[in-house]
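Dropping model28.tsv in here (TSV, C-alpha atoms):
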```tsv
chain	number	residue	atom	x	y	z
A	177	MET	CA	-69.05	27.82	-33.52
A	178	GLU	CA	-67.01	29.75	-36.04
A	179	THR	CA	-64.16	31.83	-34.67
A	180	PRO	CA	-64.74	35.55	-35.36
A	181	GLN	CA	-62.36	37.45	-37.60
A	182	TRP	CA	-61.98	41.22	-37.71
A	183	THR	CA	-60.25	43.77	-39.88
A	184	LEU	CA	-57.80	46.10	-38.16
A	185	SER	CA	-60.44	48.79	-37.61
A	186	GLU	CA	-62.90	46.22	-36.28
A	187	LEU	CA	-60.21	44.82	-33.99
A	188	ALA	CA	-59.56	48.32	-32.60
A	189	ALA	CA	-63.29	48.68	-31.90
A	190	GLU	CA	-63.39	45.31	-30.10
A	191	VAL	CA	-60.38	46.34	-27.99
A	192	ALA	CA	-62.11	49.59	-27.03
A	193	ALA	CA	-65.24	47.65	-26.01
A	194	GLN	CA	-63.20	45.29	-23.83
A	195	LEU	CA	-61.22	48.11	-22.18
A	196	ALA	CA	-64.45	49.97	-21.40
A	197	ARG	CA	-64.98	47.36	-18.68
A	198	ASN	CA	-62.81	47.41	-15.55
A	199	TYR	CA	-59.79	49.21	-16.97
A	200	GLU	CA	-57.87	52.23	-15.72
A	201	ALA	CA	-55.22	53.58	-18.07
A	202	ALA	CA	-51.77	54.56	-16.83
A	203	ASP	CA	-51.78	58.19	-15.72
A	204	ASN	CA	-48.27	59.08	-16.89
A	205	GLY	CA	-49.52	60.81	-20.02
A	206	GLN	CA	-47.24	58.77	-22.28
A	207	VAL	CA	-49.48	55.75	-22.87
A	208	ARG	CA	-52.57	55.97	-25.04
A	209	ALA	CA	-55.59	54.84	-23.01
A	210	ILE	CA	-57.40	53.15	-25.92
A	211	PRO	CA	-55.13	52.00	-28.78
A	212	ASP	CA	-56.14	52.96	-32.30
A	213	GLU	CA	-55.23	51.22	-35.55
A	214	ARG	CA	-51.85	52.96	-35.68
A	215	ALA	CA	-50.96	51.79	-32.17
A	216	ILE	CA	-51.96	48.21	-32.99
A	217	ARG	CA	-49.77	48.30	-36.10
A	218	TYR	CA	-46.91	49.53	-33.89
A	219	TYR	CA	-47.43	46.61	-31.49
A	220	ASN	CA	-47.27	44.31	-34.49
A	221	THR	CA	-43.94	45.76	-35.68
A	222	LEU	CA	-42.52	45.21	-32.17
A	223	GLY	CA	-43.42	41.53	-32.32
A	224	LEU	CA	-46.06	41.80	-29.59
A	225	LEU	CA	-48.82	40.29	-31.74
A	226	ASP	CA	-49.20	37.10	-33.73
A	227	ARG	CA	-49.35	37.31	-37.48
A	228	PRO	CA	-52.89	37.81	-38.89
A	229	ASP	CA	-55.03	34.68	-39.02
A	230	ALA	CA	-55.97	35.17	-42.67
A	231	THR	CA	-56.41	37.74	-45.40
A	232	ARG	CA	-59.42	38.85	-47.40
A	233	GLY	CA	-57.97	40.14	-50.61
A	234	ARG	CA	-55.28	42.49	-49.30
A	235	THR	CA	-56.99	43.02	-45.94
A	236	ALA	CA	-55.52	41.27	-42.90
A	237	LEU	CA	-57.96	39.51	-40.57
A	238	TYR	CA	-57.46	39.13	-36.81
A	239	GLY	CA	-59.03	36.81	-34.25
A	240	PRO	CA	-59.72	36.46	-30.50
A	241	ARG	CA	-56.08	35.81	-29.65
A	242	HIS	CA	-55.07	39.15	-31.20
A	243	LEU	CA	-57.85	40.82	-29.22
A	244	ALA	CA	-56.56	39.25	-26.01
A	245	GLN	CA	-52.98	40.25	-26.83
A	246	VAL	CA	-53.83	43.94	-27.38
A	247	VAL	CA	-56.02	44.09	-24.26
A	248	ALA	CA	-53.31	42.35	-22.23
A	249	ILE	CA	-50.73	44.86	-23.47
A	250	LYS	CA	-52.87	47.76	-22.23
A	251	ARG	CA	-53.55	46.13	-18.86
A	252	LEU	CA	-49.86	45.36	-18.36
A	253	GLN	CA	-48.92	48.92	-19.32
A	254	ALA	CA	-51.44	50.17	-16.77
A	255	ALA	CA	-49.68	47.96	-14.21
A	256	GLY	CA	-46.37	49.70	-14.97
A	257	ARG	CA	-44.81	47.21	-17.40
A	258	SER	CA	-42.76	48.56	-20.32
A	259	LEU	CA	-43.27	47.37	-23.88
A	260	SER	CA	-39.89	45.64	-23.71
A	261	GLU	CA	-40.99	43.68	-20.66
A	262	ILE	CA	-44.33	42.89	-22.27
A	263	ARG	CA	-42.62	41.61	-25.43
A	264	THR	CA	-40.56	39.17	-23.36
A	265	LEU	CA	-43.70	38.03	-21.56
A	266	MET	CA	-45.69	37.60	-24.78
A	267	ALA	CA	-43.00	35.36	-26.24
A	268	SER	CA	-43.64	32.68	-23.62
A	269	ILE	CA	-47.22	33.20	-22.41
A	270	ASP	CA	-49.72	30.41	-23.06
A	271	ASP	CA	-53.39	30.81	-23.97
A	272	PRO	CA	-54.87	30.21	-20.46
A	273	THR	CA	-52.51	32.78	-18.90
A	274	LEU	CA	-53.18	35.26	-21.70
A	275	SER	CA	-56.92	34.84	-21.10
A	276	ARG	CA	-56.50	35.58	-17.38
A	277	VAL	CA	-54.33	38.65	-17.95
A	278	ALA	CA	-56.58	40.14	-20.62
A	279	GLY	CA	-59.93	39.02	-19.28
A	280	VAL	CA	-60.70	37.81	-22.81
A	281	VAL	CA	-61.46	34.17	-23.60
A	282	VAL	CA	-58.98	32.74	-26.09
A	283	PRO	CA	-60.59	29.73	-27.82
A	284	PRO	CA	-58.45	26.72	-28.68
A	285	ARG	CA	-56.67	27.22	-31.94
A	286	PRO	CA	-57.65	24.79	-34.73
A	287	ARG	CA	-55.37	21.95	-35.63
A	288	ARG	CA	-53.45	22.67	-38.80
A	289	ALA	CA	-51.49	20.50	-41.22
A	290	PHE	CA	-47.95	21.20	-42.17
A	291	TRP	CA	-45.80	19.80	-44.91
A	292	ARG	CA	-42.62	17.97	-44.20
A	293	GLU	CA	-39.98	16.75	-46.59
A	294	GLU	CA	-39.46	13.03	-46.70
A	295	ALA	CA	-36.25	11.29	-47.70
A	296	GLY	CA	-35.87	11.41	-51.47
A	297	GLY	CA	-37.42	14.87	-51.85
A	298	GLU	CA	-41.09	13.86	-51.66
A	299	THR	CA	-43.51	15.73	-49.40
A	300	ALA	CA	-46.40	14.52	-47.30
A	301	ALA	CA	-49.03	16.17	-45.10
A	302	ALA	CA	-48.98	15.48	-41.39
A	303	PRO	CA	-51.18	16.80	-38.52
A	304	ALA	CA	-49.71	19.34	-36.10
A	305	SER	CA	-50.84	20.06	-32.56
A	306	ALA	CA	-52.52	23.33	-31.72
A	307	SER	CA	-49.36	24.82	-30.30
A	308	ALA	CA	-46.82	23.22	-32.64
A	309	SER	CA	-45.15	25.39	-35.23
A	310	VAL	CA	-42.05	23.32	-35.95
A	311	PRO	CA	-42.36	20.26	-38.24
A	312	VAL	CA	-41.71	16.91	-36.67
A	313	PRO	CA	-38.35	15.64	-37.96
A	314	VAL	CA	-38.64	12.74	-40.36
A	315	PRO	CA	-37.05	9.62	-38.89
A	316	VAL	CA	-34.07	8.39	-40.88
A	317	PRO	CA	-33.81	4.61	-41.27
A	318	VAL	CA	-30.83	3.27	-39.41
A	319	SER	CA	-29.13	0.14	-40.65
A	320	ALA	CA	-28.84	-2.69	-38.19
A	321	PRO	CA	-25.44	-2.70	-36.54
A	322	VAL	CA	-23.01	-5.18	-38.03
A	323	SER	CA	-21.86	-7.60	-35.41
A	324	ALA	CA	-18.14	-8.18	-35.24
A	325	PRO	CA	-17.18	-11.78	-36.05
A	326	ALA	CA	-16.67	-13.89	-32.99
A	327	PRO	CA	-12.99	-14.44	-32.23
A	328	ALA	CA	-11.67	-17.83	-33.17
A	329	PRO	CA	-11.25	-20.13	-30.19
A	330	PRO	CA	-7.64	-20.61	-29.14
A	331	PRO	CA	-6.04	-23.87	-30.27
A	332	ARG	CA	-6.33	-26.72	-27.78
A	333	THR	CA	-3.05	-27.69	-26.17
A	334	TRP	CA	-2.41	-31.15	-24.77
A	335	VAL	CA	0.57	-32.75	-23.14
A	336	ASP	CA	1.64	-36.25	-24.14
A	337	LEU	CA	2.59	-38.15	-21.01
A	338	GLY	CA	4.09	-41.14	-22.75
A	339	GLY	CA	0.95	-42.01	-24.71
A	340	VAL	CA	-1.54	-40.53	-22.22
A	341	LEU	CA	-2.87	-37.09	-23.25
A	342	ALA	CA	-3.83	-34.42	-20.74
A	343	ARG	CA	-5.26	-31.04	-21.67
A	344	VAL	CA	-3.50	-27.93	-20.34
A	345	ASP	CA	-4.67	-24.29	-20.30
A	346	ARG	CA	-1.34	-22.52	-20.79
A	347	PRO	CA	2.01	-23.05	-22.43
A	348	LEU	CA	4.31	-25.48	-20.63
A	349	THR	CA	7.61	-24.39	-19.14
A	350	PRO	CA	10.65	-26.65	-18.76
A	351	ASP	CA	9.87	-26.89	-15.04
A	352	ASP	CA	6.32	-28.02	-15.90
A	353	LEU	CA	7.64	-30.74	-18.21
A	354	ALA	CA	10.11	-31.99	-15.61
A	355	ALA	CA	7.43	-32.10	-12.90
A	356	LEU	CA	5.00	-33.91	-15.21
A	357	ALA	CA	7.66	-36.46	-16.16
A	358	ARG	CA	8.21	-37.29	-12.48
A	359	ALA	CA	4.48	-37.50	-11.79
A	360	ALA	CA	3.74	-39.59	-14.89
A	361	ALA	CA	6.41	-42.21	-14.20
A	362	PRO	CA	4.31	-44.24	-11.69
A	363	LEU	CA	1.29	-44.07	-14.00
A	364	LEU	CA	3.25	-45.37	-16.97
A	365	ALA	CA	4.74	-48.16	-14.82
A	366	GLU	CA	1.26	-49.22	-13.71
A	367	LEU	CA	0.05	-49.24	-17.32
A	368	THR	CA	2.95	-51.51	-18.27
A	369	ARG	CA	2.41	-53.79	-15.25
A	370	ARG	CA	-1.22	-54.31	-16.14
A	371	GLY	CA	-0.42	-55.01	-19.76
A	372	LEU	CA	-2.30	-52.00	-20.94
A	373	THR	CA	0.68	-50.73	-22.90
A	374	THR	CA	3.93	-52.18	-24.14
A	375	PRO	CA	7.19	-51.16	-22.49
A	376	ASP	CA	8.52	-49.52	-25.64
A	377	GLU	CA	5.35	-47.49	-26.35
A	378	PRO	CA	5.58	-44.76	-23.66
A	379	LYS	CA	7.75	-41.85	-24.62
A	380	ALA	CA	10.71	-40.87	-22.53
A	381	SER	CA	9.45	-37.44	-21.60
A	382	PRO	CA	6.20	-35.44	-21.76
A	383	HIS	CA	5.83	-33.02	-24.67
A	384	PRO	CA	3.04	-30.61	-25.70
A	385	VAL	CA	0.73	-31.38	-28.62
A	386	VAL	CA	-1.30	-28.53	-30.25
A	387	ASP	CA	-4.66	-29.56	-31.72
A	388	GLY	CA	-6.16	-26.59	-33.61
```
Kindly present the structure from the file in structure tokens form.
Amino acid sequence: METPQWTLSELAAEVAAQLARNYEAADNGQVRAIPDERAIRYYNTLGLLDRPDATRGRTALYGPRHLAQVVAIKRLQAAGRSLSEIRTLMASIDDPTLSRVAGVVVPPRPRRAFWREEAGGETAAAPASASASVPVPVPVPVSAPVSAPAPAPPPRTWVDLGGVLARVDRPLTPDDLAALARAAAPLLAELTRRGLTTPDEPKASPHPVVDG
């Protein structure tokens, strides 16, 4: 079913027909009971209405949502709301709430396409949701993070116990060397006794050896 579109005068007539049903205007004498074309233009300048749906030549065309907005404005005025309050409300009201306030069915708005600018200056069409008005940002390719090179393993340190090597995990102090010399003496003697090494091969004292 095609959504109806009205000129400003036709929209004013539709508003009058809607307000003829179950509507009591404010009785303060300052609010027009049924808005005419001039009043609707004034609402538009205040930002209370959406922009026209389309144009026919130089004639603006309005739809059911505009009808609901104008009717809602009059009903809210009748309830004591000021135009400033109504403007704040209209900025955040959704279609179902607008329909309830106005008593006018607001059909779903058609999906529209928008243009977005791709990297490099080219443009492409993309679908937008019924309520979206801001283009979806174009994702920017992100380079894969560069992994830092793994740190080089520390050089291996060994201690020479008179021809027998033992690995150690920290630098040796003089006290370490003296203690190792005392502890290695029986081992070196046993090696000599068993003929596994010659008496002149073992060194006199332990000393560190770095193997990078």
Restricting the calculation to only C-alpha atoms, which member of A:Pro362, A:Pro284, A:Ile249, A:Ala278 is positioned closest to A:Glu178?
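Under the stated criterion, the closest residue is A:Pro284.
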Compile the contact shell of A:Pro228 as a PyMOL selection string: residues with an atom at most 8 Å away, counting only C-alpha atoms, same-chain residues fewer than 5 positions apart removed.
chain A and resi 236-239
Just C-alpha atoms for this one: save the residues we selected as a short mmCIF file (atom, residue, chain, number, x, y, z; two decimals), keeping the file's coordinate frame.
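The new file part-v7.cif reads:
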```
data_model
loop_
_atom_site.label_atom_id
_atom_site.label_comp_id
_atom_site.auth_asym_id
_atom_site.auth_seq_id
_atom_site.Cartn_x
_atom_site.Cartn_y
_atom_site.Cartn_z
CA ALA A 236 -55.52 41.27 -42.90
CA LEU A 237 -57.96 39.51 -40.57
CA TYR A 238 -57.46 39.13 -36.81
CA GLY A 239 -59.03 36.81 -34.25
#
```
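Atom CA of A:Leu225 is found 16.9 Å from atom CA of A:Ala192.
Taking atom CA of A:Val247 and atom CA of A:Val277 as endpoints, the distance between them is 8.5 Å.
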Using atom CA of A:Tyr199 and atom CA of A:Thr179 as the two end points, give the distance in Å to one decimal.
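Interatomic distance, atom CA of A:Tyr199 to atom CA of A:Thr179: 25.2 Å.
Between A:Gln194 and the candidates A:Gly279, A:Pro240, A:Gln245, A:Leu265, the tightest atom-to-atom separation, counting all atoms listed in the file, involves A:Gly279.
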